[in-house]
Every structure is written in structure tokens, then in C-alpha cells.
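To be precise, the following lines are entry-v4.cif, and they hold mmCIF, C-alpha atoms and all ligand atoms.
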data_structure
#
loop_
_atom_site.label_atom_id
_atom_site.label_comp_id
_atom_site.auth_asym_id
_atom_site.auth_seq_id
_atom_site.Cartn_x
_atom_site.Cartn_y
_atom_site.Cartn_z
CA MET A 1 128.89 104.35 121.62
CA ALA A 2 132.19 106.24 121.09
CA GLU A 3 130.30 109.31 119.78
CA LEU A 4 127.92 109.24 122.72
CA LYS A 5 130.79 108.97 125.18
CA LYS A 6 132.40 112.06 123.66
CA GLN A 7 129.20 114.11 123.29
CA ASP A 8 127.41 113.30 126.52
CA PRO A 9 129.53 111.42 129.03
CA ASP A 10 126.80 111.70 131.69
CA ILE A 11 124.25 109.75 129.67
CA TYR A 12 126.95 107.43 128.34
CA ASN A 13 128.02 106.56 131.89
CA LEU A 14 124.46 106.00 133.04
CA ILE A 15 123.78 103.69 130.09
CA GLN A 16 126.95 101.79 130.95
CA GLN A 17 125.79 101.52 134.56
CA GLU A 18 122.40 100.19 133.48
CA THR A 19 124.05 97.69 131.12
CA ASN A 20 126.31 96.51 133.93
CA ARG A 21 123.39 96.30 136.35
CA GLN A 22 121.57 94.02 133.91
CA ASN A 23 124.65 91.97 133.13
CA ASP A 24 125.75 91.49 136.75
CA GLY A 25 122.35 90.54 138.13
CA LEU A 26 119.44 88.21 137.48
CA GLU A 27 116.57 90.03 135.75
CA MET A 28 113.52 88.11 136.90
CA ILE A 29 110.74 90.63 136.29
CA PRO A 30 108.60 88.52 133.94
CA SER A 31 107.82 91.38 131.57
CA GLU A 32 111.51 92.14 130.97
CA ASN A 33 114.01 90.57 128.60
CA HIS A 34 117.32 91.20 126.83
CA THR A 35 117.11 92.24 123.16
CA SER A 36 119.70 91.13 120.62
CA SER A 37 122.39 93.42 119.21
CA ALA A 38 120.54 93.29 115.88
CA VAL A 39 117.35 94.63 117.47
CA LEU A 40 119.35 97.36 119.21
CA ALA A 41 121.04 98.31 115.93
CA ALA A 42 117.67 98.78 114.19
CA LEU A 43 116.36 100.73 117.15
CA GLY A 44 119.32 103.11 117.10
CA SER A 45 119.12 103.71 113.35
CA ARG A 46 118.30 106.57 110.95
CA ALA A 47 114.77 105.19 110.60
CA THR A 48 113.99 107.33 113.66
CA ASP A 49 114.42 110.50 111.58
CA LYS A 50 111.49 109.85 109.24
CA TYR A 51 107.90 111.04 109.50
CA SER A 52 105.35 108.78 107.81
CA GLU A 53 101.78 109.36 109.04
CA GLY A 54 99.51 106.83 107.37
CA TYR A 55 100.24 103.30 106.21
CA PRO A 56 102.46 101.81 103.47
CA GLY A 57 101.20 103.18 100.15
CA ILE A 58 98.92 105.75 101.82
CA ARG A 59 101.16 108.28 103.58
CA TYR A 60 100.79 111.98 104.26
CA TYR A 61 104.53 112.58 103.70
CA GLY A 62 106.93 112.16 100.82
CA GLY A 63 110.04 110.04 101.00
CA CYS A 64 108.31 107.05 102.58
CA GLU A 65 109.29 104.45 99.98
CA VAL A 66 111.87 102.84 102.26
CA VAL A 67 109.96 102.97 105.54
CA ASP A 68 106.97 101.50 103.64
CA LYS A 69 109.09 98.42 102.97
CA ILE A 70 110.18 98.25 106.61
CA GLU A 71 106.60 98.43 107.86
CA ASN A 72 105.39 95.91 105.29
CA LEU A 73 108.06 93.44 106.39
CA ALA A 74 107.07 93.88 110.04
CA ARG A 75 103.38 93.38 109.19
CA GLU A 76 104.00 90.34 107.00
CA ARG A 77 106.22 88.69 109.60
CA ALA A 78 103.68 89.30 112.36
CA CYS A 79 100.89 87.78 110.22
CA LYS A 80 103.01 84.76 109.36
CA LEU A 81 104.11 84.10 112.95
CA PHE A 82 100.66 84.39 114.50
CA GLY A 83 98.67 83.03 111.54
CA CYS A 84 96.45 86.08 111.03
CA ASP A 85 95.44 88.21 108.03
CA HIS A 86 96.15 91.66 109.39
CA ALA A 87 98.70 93.27 111.70
CA ASN A 88 99.01 96.87 112.77
CA VAL A 89 102.55 97.38 114.10
CA GLN A 90 102.28 101.10 114.82
CA PRO A 91 101.02 101.27 118.45
CA TYR A 92 103.70 103.02 120.48
CA SER A 93 103.25 100.47 123.26
CA GLY A 94 100.73 98.16 124.92
CA SER A 95 98.52 100.81 126.50
CA PRO A 96 97.95 102.72 123.22
CA ALA A 97 97.27 99.38 121.51
CA ASN A 98 94.47 98.57 123.95
CA MET A 99 93.22 102.14 123.78
CA ALA A 100 93.01 101.84 119.99
CA VAL A 101 90.90 98.69 120.23
CA TYR A 102 88.38 100.38 122.54
CA PHE A 103 88.43 103.44 120.30
CA ALA A 104 87.69 101.19 117.33
CA LEU A 105 84.88 99.23 118.94
CA CYS A 106 83.23 101.50 121.51
CA ASP A 107 81.82 104.97 122.04
CA PRO A 108 82.71 106.84 125.24
CA GLY A 109 80.49 105.49 128.02
CA ASP A 110 80.12 102.03 126.51
CA THR A 111 80.84 99.10 128.79
CA ILE A 112 84.10 97.15 128.70
CA MET A 113 84.98 94.26 130.99
CA GLY A 114 88.43 93.12 132.11
CA LEU A 115 90.21 91.35 134.95
CA LYS A 116 90.91 93.48 138.03
CA LEU A 117 94.49 94.76 138.04
CA PHE A 118 94.93 93.56 141.61
CA HIS A 119 93.88 90.06 140.54
CA GLY A 120 96.45 89.94 137.74
CA GLY A 121 94.90 92.11 135.00
CA HIS A 122 96.30 95.35 133.57
CA MET A 123 95.57 99.03 134.16
CA THR A 124 94.19 99.44 130.64
CA HIS A 125 91.70 96.62 131.19
CA GLY A 126 89.46 98.96 133.21
CA LEU A 127 91.28 100.12 136.35
CA LYS A 128 89.26 102.87 138.03
CA VAL A 129 91.91 105.58 137.67
CA ASN A 130 92.91 104.62 134.10
CA PHE A 131 91.48 106.10 130.86
CA SER A 132 89.83 102.72 130.31
CA ALA A 133 87.49 103.35 133.25
CA LYS A 134 87.32 107.15 132.94
CA TYR A 135 86.06 107.13 129.35
CA TYR A 136 84.32 103.77 129.32
CA ASN A 137 82.03 102.10 131.82
CA SER A 138 84.36 99.53 133.33
CA VAL A 139 83.10 96.32 134.86
CA GLN A 140 85.74 94.10 136.37
CA TYR A 141 85.77 90.35 136.89
CA SER A 142 87.92 88.57 139.44
CA ALA A 143 90.21 85.66 140.02
CA ARG A 144 88.99 82.88 142.28
CA PRO A 145 90.48 82.58 145.78
CA ASP A 146 92.82 79.88 144.39
CA GLY A 147 94.12 82.40 141.83
CA TYR A 148 92.57 80.89 138.68
CA LEU A 149 90.36 83.14 136.54
CA ASP A 150 86.79 83.08 137.80
CA LEU A 151 84.73 82.15 134.74
CA ASP A 152 81.52 82.16 136.76
CA SER A 153 82.10 85.78 137.79
CA MET A 154 83.01 86.63 134.20
CA ARG A 155 79.81 85.05 132.84
CA GLU A 156 77.53 86.54 135.50
CA LEU A 157 78.90 90.05 135.03
CA ALA A 158 78.79 89.72 131.25
CA ARG A 159 75.12 88.72 131.35
CA GLU A 160 74.29 91.54 133.71
CA HIS A 161 76.24 94.35 132.02
CA LYS A 162 76.38 93.26 128.34
CA PRO A 163 79.85 94.72 127.65
CA LYS A 164 80.89 95.69 124.14
CA VAL A 165 84.35 94.22 124.74
CA ILE A 166 85.60 91.50 127.08
CA ILE A 167 89.34 91.65 127.68
CA VAL A 168 91.33 88.59 128.69
CA GLY A 169 95.05 88.62 129.36
CA GLY A 170 97.08 90.04 132.16
CA THR A 171 100.30 90.74 133.94
CA ALA A 172 100.37 88.28 136.81
CA TYR A 173 98.42 85.22 135.74
CA PRO A 174 100.58 82.09 135.87
CA ARG A 175 98.21 79.77 133.99
CA ILE A 176 97.07 79.04 130.45
CA TYR A 177 94.42 81.32 128.95
CA GLU A 178 91.56 79.13 127.68
CA TRP A 179 90.43 81.30 124.79
CA ASP A 180 87.50 79.11 123.71
CA LYS A 181 85.83 79.44 127.10
CA TYR A 182 86.04 83.23 127.13
CA LYS A 183 84.81 83.37 123.54
CA THR A 184 81.73 81.35 124.49
CA ILE A 185 80.90 83.91 127.17
CA ALA A 186 81.56 86.83 124.79
CA ASP A 187 79.33 85.28 122.11
CA GLU A 188 76.54 84.71 124.64
CA VAL A 189 76.29 88.45 125.27
CA GLY A 190 77.31 89.72 121.83
CA ALA A 191 80.67 91.12 122.99
CA TYR A 192 83.94 91.31 121.11
CA LEU A 193 86.71 89.27 122.72
CA LEU A 194 90.04 91.05 123.02
CA ALA A 195 92.99 88.78 123.89
CA ASP A 196 95.90 90.75 125.32
CA ILE A 197 98.84 88.35 124.91
CA SER A 198 101.55 90.85 125.83
CA HIS A 199 103.03 88.48 128.40
CA VAL A 200 102.75 85.20 126.53
CA ALA A 201 103.33 86.22 122.89
CA ALA A 202 106.55 84.21 122.52
CA LEU A 203 104.94 81.18 124.13
CA VAL A 204 102.16 81.39 121.53
CA ILE A 205 104.72 81.55 118.71
CA GLY A 206 106.66 78.68 120.24
CA GLY A 207 103.52 76.53 120.49
CA VAL A 208 103.62 76.26 124.28
CA HIS A 209 100.52 78.40 124.82
CA PRO A 210 97.25 78.31 122.80
CA ASN A 211 97.02 80.89 120.03
CA PRO A 212 93.96 83.17 120.33
CA ILE A 213 93.96 84.00 116.59
CA GLY A 214 90.78 82.65 115.03
CA VAL A 215 89.06 82.58 118.43
CA ALA A 216 89.37 86.11 119.82
CA ASP A 217 88.16 88.93 117.58
CA VAL A 218 91.21 91.09 118.23
CA VAL A 219 94.61 90.34 119.73
CA THR A 220 96.98 92.91 121.20
CA SER A 221 100.55 92.30 122.27
CA THR A 222 103.53 94.28 123.34
CA THR A 223 106.72 93.35 121.52
CA HIS A 224 109.26 93.61 124.35
CA LYS A 225 108.30 91.00 126.91
CA THR A 226 108.70 87.29 126.14
CA LEU A 227 108.83 88.29 122.45
CA ARG A 228 112.21 89.96 123.10
CA GLY A 229 111.86 92.90 120.72
CA PRO A 230 112.00 96.65 121.31
CA ARG A 231 109.32 98.43 123.32
CA GLY A 232 106.26 98.57 121.09
CA ALA A 233 103.04 96.74 120.33
CA MET A 234 100.91 95.13 117.65
CA ILE A 235 97.21 94.67 117.01
CA LEU A 236 96.30 91.48 115.14
CA CYS A 237 93.05 90.29 113.58
CA ASN A 238 91.60 88.54 110.56
CA GLY A 239 90.25 90.25 107.44
CA LYS A 240 91.67 93.04 105.28
CA PRO A 241 91.32 96.81 105.68
CA SER A 242 89.31 98.70 103.07
CA LYS A 243 91.13 100.54 100.30
CA PRO A 244 90.91 103.50 100.65
CA LEU A 245 90.78 103.45 104.42
CA ARG A 246 87.40 105.14 104.89
CA PRO A 247 85.29 105.38 108.08
CA ALA A 248 83.51 102.05 108.54
CA GLU A 249 80.54 100.62 110.38
CA ARG A 250 81.33 98.67 113.56
CA THR A 251 81.13 95.09 112.29
CA ARG A 252 83.46 92.09 112.59
CA GLU A 253 84.20 92.27 108.84
CA ASN A 254 85.40 95.83 109.27
CA LEU A 255 87.77 95.13 112.19
CA PRO A 256 91.02 95.75 110.25
CA THR A 257 89.71 99.06 108.91
CA LEU A 258 88.38 100.10 112.31
CA ILE A 259 91.68 99.29 113.99
CA ASP A 260 93.87 100.99 111.43
CA ARG A 261 91.71 104.12 111.59
CA ALA A 262 91.72 104.02 115.40
CA ILE A 263 95.53 104.20 115.42
CA ILE A 264 95.70 106.97 112.81
CA PRO A 265 93.90 109.39 112.57
CA GLY A 266 92.22 108.28 115.83
CA LEU A 267 95.02 108.26 118.37
CA GLN A 268 98.54 108.51 117.08
CA GLY A 269 100.61 110.60 114.73
CA GLY A 270 103.72 109.40 112.94
CA PRO A 271 104.75 105.82 113.53
CA HIS A 272 108.14 105.30 115.18
CA ASN A 273 109.94 103.82 112.21
CA HIS A 274 113.06 102.83 114.18
CA GLN A 275 110.76 100.91 116.52
CA THR A 276 108.97 99.30 113.56
CA ALA A 277 112.33 98.26 112.07
CA ALA A 278 113.40 96.75 115.40
CA ILE A 279 110.06 94.93 115.72
CA ALA A 280 110.63 93.49 112.22
CA VAL A 281 114.05 92.23 113.33
CA ALA A 282 112.64 90.68 116.50
CA LEU A 283 109.94 88.95 114.45
CA GLN A 284 112.54 87.65 112.02
CA GLU A 285 114.44 86.23 115.01
CA ALA A 286 111.21 84.68 116.25
CA MET A 287 110.90 82.80 112.93
CA GLN A 288 114.12 80.89 113.56
CA PRO A 289 114.00 77.33 114.95
CA GLU A 290 115.98 78.44 118.04
CA PHE A 291 113.12 80.69 119.06
CA LYS A 292 110.79 77.75 119.56
CA LYS A 293 113.46 76.16 121.76
CA TYR A 294 113.77 79.40 123.72
CA ALA A 295 109.98 79.55 124.27
CA GLU A 296 109.92 75.92 125.41
CA GLN A 297 112.85 76.52 127.73
CA VAL A 298 111.19 79.60 129.27
CA VAL A 299 108.30 77.38 130.33
CA LYS A 300 110.54 74.49 131.49
CA ASN A 301 112.65 76.90 133.52
CA ALA A 302 109.59 78.43 135.18
CA ALA A 303 108.30 74.96 136.08
CA VAL A 304 111.62 73.98 137.68
CA LEU A 305 111.89 77.29 139.51
CA ALA A 306 108.34 76.79 140.80
CA GLU A 307 109.15 73.26 141.99
CA GLY A 308 112.25 74.54 143.76
CA LEU A 309 110.27 77.24 145.54
CA LEU A 310 107.41 74.89 146.44
CA SER A 311 109.95 72.51 148.01
CA LYS A 312 111.01 75.45 150.23
CA ASP A 313 107.40 76.03 151.30
CA PHE A 314 106.76 79.15 149.25
CA ASN A 315 103.05 79.73 148.65
CA LEU A 316 102.63 80.00 144.86
CA ILE A 317 99.32 81.47 143.69
CA THR A 318 97.42 78.70 141.82
CA GLY A 319 99.98 76.24 143.22
CA GLY A 320 102.46 76.64 140.34
CA THR A 321 102.78 77.86 136.79
CA ASP A 322 102.02 76.85 133.18
CA ASN A 323 103.82 79.79 131.62
CA HIS A 324 106.80 82.08 132.19
CA LEU A 325 105.81 83.61 135.52
CA ILE A 326 105.28 82.84 139.16
CA LEU A 327 103.26 84.84 141.69
CA ILE A 328 104.11 84.22 145.34
CA ASP A 329 102.19 85.12 148.47
CA MET A 330 104.94 86.14 150.90
CA SER A 331 102.69 86.40 153.92
CA GLY A 332 103.51 82.78 154.79
CA LYS A 333 107.14 83.88 155.13
CA LYS A 334 106.06 86.70 157.44
CA ILE A 335 107.35 89.48 155.18
CA SER A 336 105.72 91.82 152.70
CA GLY A 337 106.24 91.87 148.96
CA GLN A 338 108.18 95.09 149.29
CA GLN A 339 110.58 93.64 151.86
CA ALA A 340 111.06 90.57 149.70
CA GLU A 341 111.73 92.69 146.57
CA LYS A 342 114.34 94.70 148.51
CA ALA A 343 116.11 91.69 150.01
CA LEU A 344 116.27 89.88 146.67
CA GLY A 345 117.41 93.08 144.96
CA GLU A 346 120.31 93.35 147.40
CA ALA A 347 121.21 89.77 146.51
CA GLY A 348 121.27 90.73 142.79
CA ILE A 349 117.93 89.10 141.98
CA THR A 350 115.48 91.62 140.49
CA VAL A 351 111.79 90.80 140.98
CA ASN A 352 108.80 93.05 141.62
CA LYS A 353 106.38 93.35 144.47
CA ASN A 354 102.87 92.53 143.27
CA THR A 355 99.36 92.26 144.61
CA ILE A 356 97.85 88.80 144.92
CA PRO A 357 94.12 88.11 144.42
CA PHE A 358 92.15 89.37 147.45
CA ASP A 359 95.27 91.01 148.86
CA LYS A 360 94.73 92.48 152.32
CA ARG A 361 97.68 94.84 151.86
CA LYS A 362 97.97 98.01 149.76
CA PRO A 363 99.30 97.98 146.12
CA PHE A 364 102.42 99.95 147.15
CA ASP A 365 103.23 97.39 149.81
CA PRO A 366 101.39 94.26 148.71
CA SER A 367 101.67 90.67 149.92
CA GLY A 368 103.16 89.20 146.80
CA ILE A 369 106.16 89.11 144.53
CA ARG A 370 106.16 88.28 140.84
CA MET A 371 109.05 86.68 139.01
CA GLY A 372 109.70 84.98 135.70
CA THR A 373 112.22 83.27 133.47
CA PRO A 374 112.27 85.01 130.03
CA ALA A 375 115.42 87.09 130.55
CA LEU A 376 117.34 84.31 132.30
CA THR A 377 116.42 81.92 129.48
CA THR A 378 117.61 84.42 126.88
CA ARG A 379 120.98 84.37 128.65
CA GLY A 380 121.08 80.60 128.19
CA MET A 381 120.22 79.49 131.71
CA LYS A 382 118.50 76.14 132.09
CA GLU A 383 116.99 73.84 134.72
CA GLY A 384 120.22 73.48 136.76
CA GLU A 385 120.53 77.24 137.20
CA MET A 386 116.83 77.50 138.13
CA LYS A 387 117.34 75.05 141.01
CA THR A 388 120.28 77.07 142.27
CA ILE A 389 118.35 80.34 141.95
CA ALA A 390 115.38 78.88 143.87
CA SER A 391 117.74 78.01 146.72
CA TRP A 392 119.27 81.52 146.67
CA ILE A 393 115.79 83.06 146.80
CA ASP A 394 114.97 80.90 149.80
CA LYS A 395 118.24 81.79 151.52
CA ALA A 396 117.80 85.53 150.89
CA ILE A 397 114.25 85.51 152.26
CA LYS A 398 115.33 83.56 155.34
CA ASN A 399 118.12 86.07 155.96
CA VAL A 400 116.39 89.39 155.37
CA GLY A 401 118.41 92.04 157.23
CA ASP A 402 121.56 89.90 157.51
CA GLU A 403 123.92 91.97 155.38
CA LYS A 404 126.72 89.42 155.42
CA LYS A 405 124.59 86.52 154.23
CA ILE A 406 122.89 88.61 151.56
CA ALA A 407 126.30 89.86 150.34
CA ALA A 408 127.47 86.25 150.07
CA ILE A 409 124.48 85.39 147.84
CA ARG A 410 125.21 88.54 145.79
CA GLN A 411 128.72 87.25 145.17
CA GLU A 412 127.41 83.85 144.04
CA VAL A 413 124.91 85.56 141.71
CA LEU A 414 127.76 87.58 140.20
CA GLU A 415 129.82 84.45 139.58
CA LEU A 416 126.86 82.82 137.79
CA THR A 417 126.14 85.85 135.61
CA LYS A 418 129.74 85.82 134.34
CA GLN A 419 129.00 82.48 132.69
CA PHE A 420 125.91 83.89 130.92
CA PRO A 421 126.65 87.35 129.47
CA ILE A 422 123.63 89.26 128.14
CA PHE A 423 125.39 90.31 124.93
CA ARG A 424 124.37 88.28 121.88
N1 LIG B 501 104.37 96.78 133.05
C1 LIG B 501 103.94 95.53 132.46
C2 LIG B 501 104.28 94.37 133.32
O1 LIG B 501 105.23 94.48 134.06
O2 LIG B 501 103.63 93.34 133.24
C3 LIG B 501 102.51 95.58 132.11
O3 LIG B 501 102.31 96.65 131.26
#
Before we go any further, please render this structure as C-alpha cells.
Amino acid sequence: MAELKKQDPDIYNLIQQETNRQNDGLEMIPSENHTSSAVLAALGSRATDKYSEGYPGIRYYGGCEVVDKIENLARERACKLFGCDHANVQPYSGSPANMAVYFALCDPGDTIMGLKLFHGGHMTHGLKVNFSAKYYNSVQYSARPDGYLDLDSMRELAREHKPKVIIVGGTAYPRIYEWDKYKTIADEVGAYLLADISHVAALVIGGVHPNPIGVADVVTSTTHKTLRGPRGAMILCNGKPSKPLRPAERTRENLPTLIDRAIIPGLQGGPHNHQTAAIAVALQEAMQPEFKKYAEQVVKNAAVLAEGLLSKDFNLITGGTDNHLILIDMSGKKISGQQAEKALGEAGITVNKNTIPFDKRKPFDPSGIRMGTPALTTRGMKEGEMKTIASWIDKAIKNVGDEKKIAAIRQEVLELTKQFPIFR
């Protein structure tokens, strides 16, 4: 950091400010986390300087003998952790990973089917304005009014539209994904099942969420959410890619080949080798016994936070949580999600406004807020802190607009954060 400070004090100062913001507040956006110093070191390394289009052993550039080893380690660790045969660790992030799966399995205009974004899905699962609905025929299933995934709607739509791919996974679903049930529906209509486990990847590794490997045909995951690595993504499946990596027919046996070819030459150029190195480090960390404890604690913390909020009459979508996140309908508290996000932000508690299923408000000012426990758990916080935080959330929401009371909560938050520094 000394060189950066000297060369570009503006950026240095802004990075310091961002670090302090994270350290002095409670990061409760469920897709965020705090990476280790080891991950950061790999991310800020010379590996970023190297071009290496292709895959280990089959590159279009010279000088790839070292980055080959880095990528192989990342792939092997991913396969070992998730129990699959093949991992592609090159997607730049989650959206390109999903794009690559559609590219591998569909032609433009083919039908894909995912959960509506406003019911807890993701943009790349077929949102109207996203590439996934512009280039493919997107059919969208819903959540039920109680917030659980609506399997009846999924089955009915699947029978009617015969999608090539059914996508399950999301950004605001607080319950367990029941992979077998979705696979039954996919099989009924001859669709591939894509499990997007970006949010719950660490819970899968830790054994506190079912693993879709062996059930879903393809699994995508970002590497920076519960998994606590750098920004990036992986595509996992069973089988081995062909050698050489030639164009292949669209069959289940050919999935690894289809996926690898969809990433390059289909969609991306050179892999980000610094990112791959940092993913490898994060996966190595995820192999340690402490990681299982972390995953278990994420879930325990979310359950205690949910209980605390329920005891203060917050309306939790689905009535609670099984995983790392909580979705709250704020309309019962007579404020919008945006107002709640702002008030909590002023108190040093970062959450995000979020739509709830069947929201009557607009996405930019929805009824809900979404929060989670991964980053707090990484800092070492446990059940006791969750109870305290639930009471601060309640207090802040009750005192929206009361600067003095919000400032007092901010001070208490700051005192707590001093006991749990983000540096590790
Ligand atoms: N932006 C991510 C999230 O917050 O869940 C999804 O890509």
C-alpha cells in the first residue's frame, strides 16, 4: 500500500475510506463478505499480468506453465470441495457463468425458465431487460404468496413451454433449495436443470445446505458471497471434456466440453489469472475444518437474528430462514424498503432494499429489505451479537428521522465493531 499511497494518493485515500467504512460498520448485505489477507494477496499479484487464452495444457500463448498450475489447483480444489468431476473457474463473474451455460445448451430463441427477479431470482435467470430474455425466450415462474417457491407454477409452465433449461437459485430466497423436486420437473419435460448456488455455496460445502451436484446437470456459483473468495465464478458438472476440445453435440455426456467451449472461444478471452489464483486460495481456505464451523455459524446466526426480529413483530417472508439471509416486508412497519435501508445505513448497519414476492411498490422503492449474516460471521460474531443487532434494527426502524437516537445506535455499532476487526 505504501507504493499506492505515493503514486496515487486519491485512490489510496478512497480505498482507505472504503476499508474503514467496512470495518466501522455492520455489513449485512447477504451477498457480501470479507476476504482474507491471503486472498487479497493473490488478487493483487503478478498473475494479473499474464495472458493465457485456452485451458491448462491447451493455450494460445507461451509462458503459461505457471498459470496452468494455478488454474489446475483451482479446478482440482473446486472438484474436491463440491464432489464433481469438472470445474471451469474462468467465468469473470456470475452473470457470464450463467450466460455460458445458456450458450452451451441453447440456440438464440430457445426457451429458458427461471424464477422472477422480483420474487427472489436473478436478472440472468430471464429478466425481461436482461440478455437472458433478449436472446432467449424467457418464461418465469413465481414464488407463492407465502414466499416459498411455487412448484406448481414451475411444473405447469414447464409442461406448457418445454424449456431447454430450468434455472433454480436466487438472490433473496431464505429457504432450502430442494434439488430433487426441481430435477423431477426438469426430467418430465426433458430440460436441463441449472442450479445457481451463488448465494449458498459455502453452506453446501459446510454441509448445511443440500449439494446439487449429481442432481442438477450444471451448477454455477459466484466465488465472493458466502464462499468468501474474490469476485469470480465457477461452472461445475460431472464428466470430462474431450481432448482436444472440439465442437460437440448437445448431450449430457458432452456437458464439460460444451461448457468449456462456451467460455472460450464462445464468450470470453483471457482468463483473469490473479482472480483464478485468489479463487484457489479461497477454496483452500474452504477445505479447512474451520470453514465448516463458519458455514454452520452463518446459519445459526441468521436463525437467531430472525428470531430476534420476529419477536419485534417484523414480517419475515416465509416466516423465517433456513440459510444465511432474511427478507423482510417493511410495510407492516409503515415504511418503505428504501427508508429502512437509509435509516439502518445511518445507524451503521448496511442492508439493501429489495422487492418481496407480489410487491405492490416499484423495484427502486420496494417494500422489503434483505439482510444476512455471512460477513458478520466472518468477523467472528455469534448468537449474542445477533440478538443485540436485532434490537438495534428494531430501535432504528422505530426512530426513523430521529437523528439523536440513530446517532446513539451508530455509536453502539462502532463500539461492537472494534471488538471484531475485519482484518484476518
Ligand atoms: N448482486 C447479487 C446479490 O446481491 O445477490 C446478485 O448478483
Neighbour residues at most 12 Å from (120.8, 88.1, 153.8) (all atoms listed in the file) as a PyMOL selection string: chain A and resi 339-340+342-348+392-411
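Minimum atom-to-atom distance to ligand LIG 501 (chain B), evaluated using all atoms listed in the file, belongs to A:Met123 out of A:Ala390, A:Met123, A:Leu194, A:Val281.
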Who sits within 10 Å of Phe291 in chain A, all atoms listed in the file, same chain under 5 positions skipped, as a PyMOL selection string: chain A and resi 202-203+205-206+227+283-286+296-297+378
Given 9 Å and all atoms listed in the file, residues near ligand LIG 501 (chain B) as JSON, numbers by chain: {"A": [29, 30, 31, 32, 93, 94, 95, 121, 122, 123, 124, 170, 171, 172, 198, 199, 222, 225, 352]}
Shell of 10 Å around Ala303 in chain A, only C-alpha atoms, local chain residues under 6 positions omitted, as JSON, numbers by chain: {"A": [297, 309, 320, 321, 322, 323, 324, 325, 326, 373, 383, 386]}
Point (86.5, 97.8, 111.0), cut-off 12 Å, counting all atoms listed in the file, residues as an MDAnalysis selection string: chainID A and resid 86 100:106 217:218 237:243 245:263
One-decimal distance in Å that lies between CA of Asp313 in chain A and CA of Met330 in chain A: 10.4 Å
